[in-house]
Amino acid sequence: MIMLRKYYDGLVNKTSFVNEVCYKTGRSAATVRNWIKYGMKPADSKDVDVLSDVTGIPVDKLWDNE
């Protein structure tokens, strides 16, 4: 399972998480949800760093195939 998805599924307030990532990356909620739900990786490594910082999951563990 995608670690990012597992983290997201365990959240009580998913909207707050998505909003925080949107704010920190400047990306839309739809884009952030694509990263989470479908395992799409951000093209910009800065966005990956934000996901890692917010979740506490190491960059190389956010997605299964890394």
# chains A, B, ... in the order shown; residues from 1 in each chain; ligands from 1
call {"tool": "select_by_dssp", "arguments": {"residues": "chain A", "states": "helix (DSSP H, G or I)", "output": "ChimeraX atom specification"}}
result
/A:3-9,14-25,29-37,45-55,59-61
call {"tool": "residues_around", "arguments": {"residues": "stretch 54-62 of chain A", "least_positions_apart": "2", "cutoff": "6 Å", "atoms": "only C-alpha atoms", "output": "PDB file with N, CA and C atoms, in the first residue's frame"}}
result
ATOM      1  N   MET A   3       2.269   4.409   1.275  1.00  0.00           N
ATOM      2  CA  MET A   3       2.366   4.930   2.642  1.00  0.00           C
ATOM      3  C   MET A   3       1.610   6.254   2.792  1.00  0.00           C
ATOM      4  N   LEU A   4       1.680   7.090   1.778  1.00  0.00           N
ATOM      5  CA  LEU A   4       0.962   8.360   1.833  1.00  0.00           C
ATOM      6  C   LEU A   4      -0.539   8.112   1.949  1.00  0.00           C
ATOM      7  N   LEU A  51       5.183  17.100   1.243  1.00  0.00           N
ATOM      8  CA  LEU A  51       4.439  15.917   1.691  1.00  0.00           C
ATOM      9  C   LEU A  51       5.206  15.168   2.775  1.00  0.00           C
ATOM     10  N   SER A  52       6.481  15.043   2.589  1.00  0.00           N
ATOM     11  CA  SER A  52       7.308  14.367   3.582  1.00  0.00           C
ATOM     12  C   SER A  52       7.335  15.143   4.895  1.00  0.00           C
ATOM     13  N   GLU A  66       9.419   2.940  -4.688  1.00  0.00           N
ATOM     14  CA  GLU A  66      10.676   3.669  -4.570  1.00  0.00           C
ATOM     15  C   GLU A  66      11.678   2.846  -3.803  1.00  0.00           C
TER      16      GLU A  66
END
call {"tool": "closest_residue", "arguments": {"among": "A:Val50, A:Asp44, A:Ile2, A:Ile36", "to": "A:Glu20", "atoms": "only C-alpha atoms"}}
result
A:Val50
call {"tool": "closest_residue", "arguments": {"among": "A:Val21, A:Tyr7, A:Arg33, A:Asp64", "to": "A:Val48", "atoms": "only C-alpha atoms"}}
result
A:Val21
call {"tool": "residues_around", "arguments": {"residues": "A:Ala29", "least_positions_apart": "3", "cutoff": "8 Å", "atoms": "only C-alpha atoms", "output": "PyMOL selection string"}}
result
chain A and resi 18-19+22+32-33
call {"tool": "closest_residue", "arguments": {"among": "A:Lys6, A:Thr31, A:Thr25, A:Lys14", "to": "A:Lys46", "atoms": "only C-alpha atoms"}}
result
A:Thr25
call {"tool": "closest_residue", "arguments": {"among": "A:Trp63, A:Asp47, A:Asp53, A:Asn13", "to": "A:Gly26", "atoms": "only C-alpha atoms"}}
result
A:Asp47
call {"tool": "atom_distance", "arguments": {"atom1": "atom CA of A:Lys41", "atom2": "atom CA of A:Ser28"}}
result
14.3 Å
call {"tool": "atom_distance", "arguments": {"atom1": "atom CA of A:Gly10", "atom2": "atom CA of A:Tyr23"}}
result
21.0 Å
call {"tool": "atom_distance", "arguments": {"atom1": "atom CA of A:Met40", "atom2": "atom CA of A:Arg5"}}
result
10.9 Å
call {"tool": "decode", "arguments": {"residues": "stretch 13-25 of chain A", "atoms": "all heavy atoms", "output": "compact mmCIF listing (two decimals), in the first residue's frame"}}
result
# COMPACT_ATOMS: atom_id res chain seq x y z
N ASN A 13 -9.33 14.24 10.24
CA ASN A 13 -9.71 15.42 9.46
C ASN A 13 -8.89 15.49 8.18
O ASN A 13 -7.87 16.15 8.10
CB ASN A 13 -9.52 16.69 10.30
CG ASN A 13 -10.20 17.88 9.67
OD1 ASN A 13 -10.45 17.90 8.47
ND2 ASN A 13 -10.48 18.88 10.47
N LYS A 14 -9.37 14.79 7.18
CA LYS A 14 -8.68 14.72 5.90
C LYS A 14 -8.66 16.07 5.18
O LYS A 14 -7.68 16.43 4.53
CB LYS A 14 -9.31 13.65 5.02
CG LYS A 14 -9.11 12.25 5.57
CD LYS A 14 -9.93 11.23 4.82
CE LYS A 14 -9.68 9.82 5.25
NZ LYS A 14 -9.93 9.52 6.63
N THR A 15 -9.72 16.83 5.32
CA THR A 15 -9.81 18.13 4.65
C THR A 15 -8.73 19.08 5.15
O THR A 15 -8.10 19.79 4.35
CB THR A 15 -11.21 18.75 4.85
OG1 THR A 15 -12.18 17.85 4.32
CG2 THR A 15 -11.33 20.09 4.14
N SER A 16 -8.48 19.08 6.44
CA SER A 16 -7.43 19.95 6.98
C SER A 16 -6.06 19.57 6.43
O SER A 16 -5.25 20.44 6.11
CB SER A 16 -7.38 19.87 8.51
OG SER A 16 -8.51 20.49 9.05
N PHE A 17 -5.82 18.28 6.31
CA PHE A 17 -4.55 17.82 5.74
C PHE A 17 -4.40 18.29 4.30
O PHE A 17 -3.37 18.85 3.92
CB PHE A 17 -4.45 16.30 5.82
CG PHE A 17 -3.26 15.74 5.10
CD1 PHE A 17 -1.99 15.87 5.63
CD2 PHE A 17 -3.41 15.09 3.89
CE1 PHE A 17 -0.88 15.36 4.96
CE2 PHE A 17 -2.32 14.58 3.22
CZ PHE A 17 -1.05 14.71 3.75
N VAL A 18 -5.42 18.06 3.50
CA VAL A 18 -5.38 18.47 2.09
C VAL A 18 -5.19 19.98 2.00
O VAL A 18 -4.36 20.46 1.21
CB VAL A 18 -6.65 18.02 1.34
CG1 VAL A 18 -6.72 18.65 -0.04
CG2 VAL A 18 -6.69 16.50 1.23
N ASN A 19 -5.91 20.74 2.81
CA ASN A 19 -5.79 22.20 2.79
C ASN A 19 -4.38 22.66 3.17
O ASN A 19 -3.85 23.60 2.57
CB ASN A 19 -6.82 22.85 3.70
CG ASN A 19 -8.22 22.74 3.15
OD1 ASN A 19 -8.43 22.53 1.96
ND2 ASN A 19 -9.20 22.89 4.02
N GLU A 20 -3.77 22.00 4.14
CA GLU A 20 -2.42 22.36 4.55
C GLU A 20 -1.43 22.11 3.41
O GLU A 20 -0.58 22.95 3.12
CB GLU A 20 -2.00 21.56 5.79
CG GLU A 20 -0.60 21.88 6.24
CD GLU A 20 -0.15 21.11 7.47
OE1 GLU A 20 -0.93 20.28 7.99
OE2 GLU A 20 0.99 21.34 7.92
N VAL A 21 -1.55 20.97 2.77
CA VAL A 21 -0.65 20.66 1.65
C VAL A 21 -0.89 21.63 0.49
O VAL A 21 0.06 22.11 -0.13
CB VAL A 21 -0.80 19.19 1.21
CG1 VAL A 21 0.04 18.90 -0.03
CG2 VAL A 21 -0.41 18.24 2.34
N CYS A 22 -2.15 21.94 0.22
CA CYS A 22 -2.47 22.93 -0.83
C CYS A 22 -1.81 24.27 -0.53
O CYS A 22 -1.21 24.89 -1.41
CB CYS A 22 -3.98 23.13 -0.95
SG CYS A 22 -4.87 21.75 -1.65
N TYR A 23 -1.94 24.71 0.70
CA TYR A 23 -1.37 25.99 1.11
C TYR A 23 0.15 26.00 0.95
O TYR A 23 0.73 26.96 0.43
CB TYR A 23 -1.75 26.29 2.56
CG TYR A 23 -1.12 27.53 3.10
CD1 TYR A 23 -1.62 28.79 2.76
CD2 TYR A 23 -0.02 27.47 3.94
CE1 TYR A 23 -1.02 29.95 3.24
CE2 TYR A 23 0.58 28.61 4.44
CZ TYR A 23 0.08 29.85 4.08
OH TYR A 23 0.67 31.00 4.56
N LYS A 24 0.79 24.92 1.37
CA LYS A 24 2.25 24.88 1.35
C LYS A 24 2.84 24.64 -0.04
O LYS A 24 3.98 25.00 -0.28
CB LYS A 24 2.76 23.80 2.32
CG LYS A 24 2.52 24.19 3.77
CD LYS A 24 3.09 23.17 4.72
CE LYS A 24 2.93 23.68 6.15
NZ LYS A 24 3.58 22.82 7.11
N THR A 25 2.06 24.02 -0.93
CA THR A 25 2.57 23.74 -2.28
C THR A 25 2.03 24.70 -3.34
O THR A 25 2.62 24.81 -4.41
CB THR A 25 2.20 22.31 -2.72
OG1 THR A 25 0.78 22.18 -2.77
CG2 THR A 25 2.81 21.27 -1.81
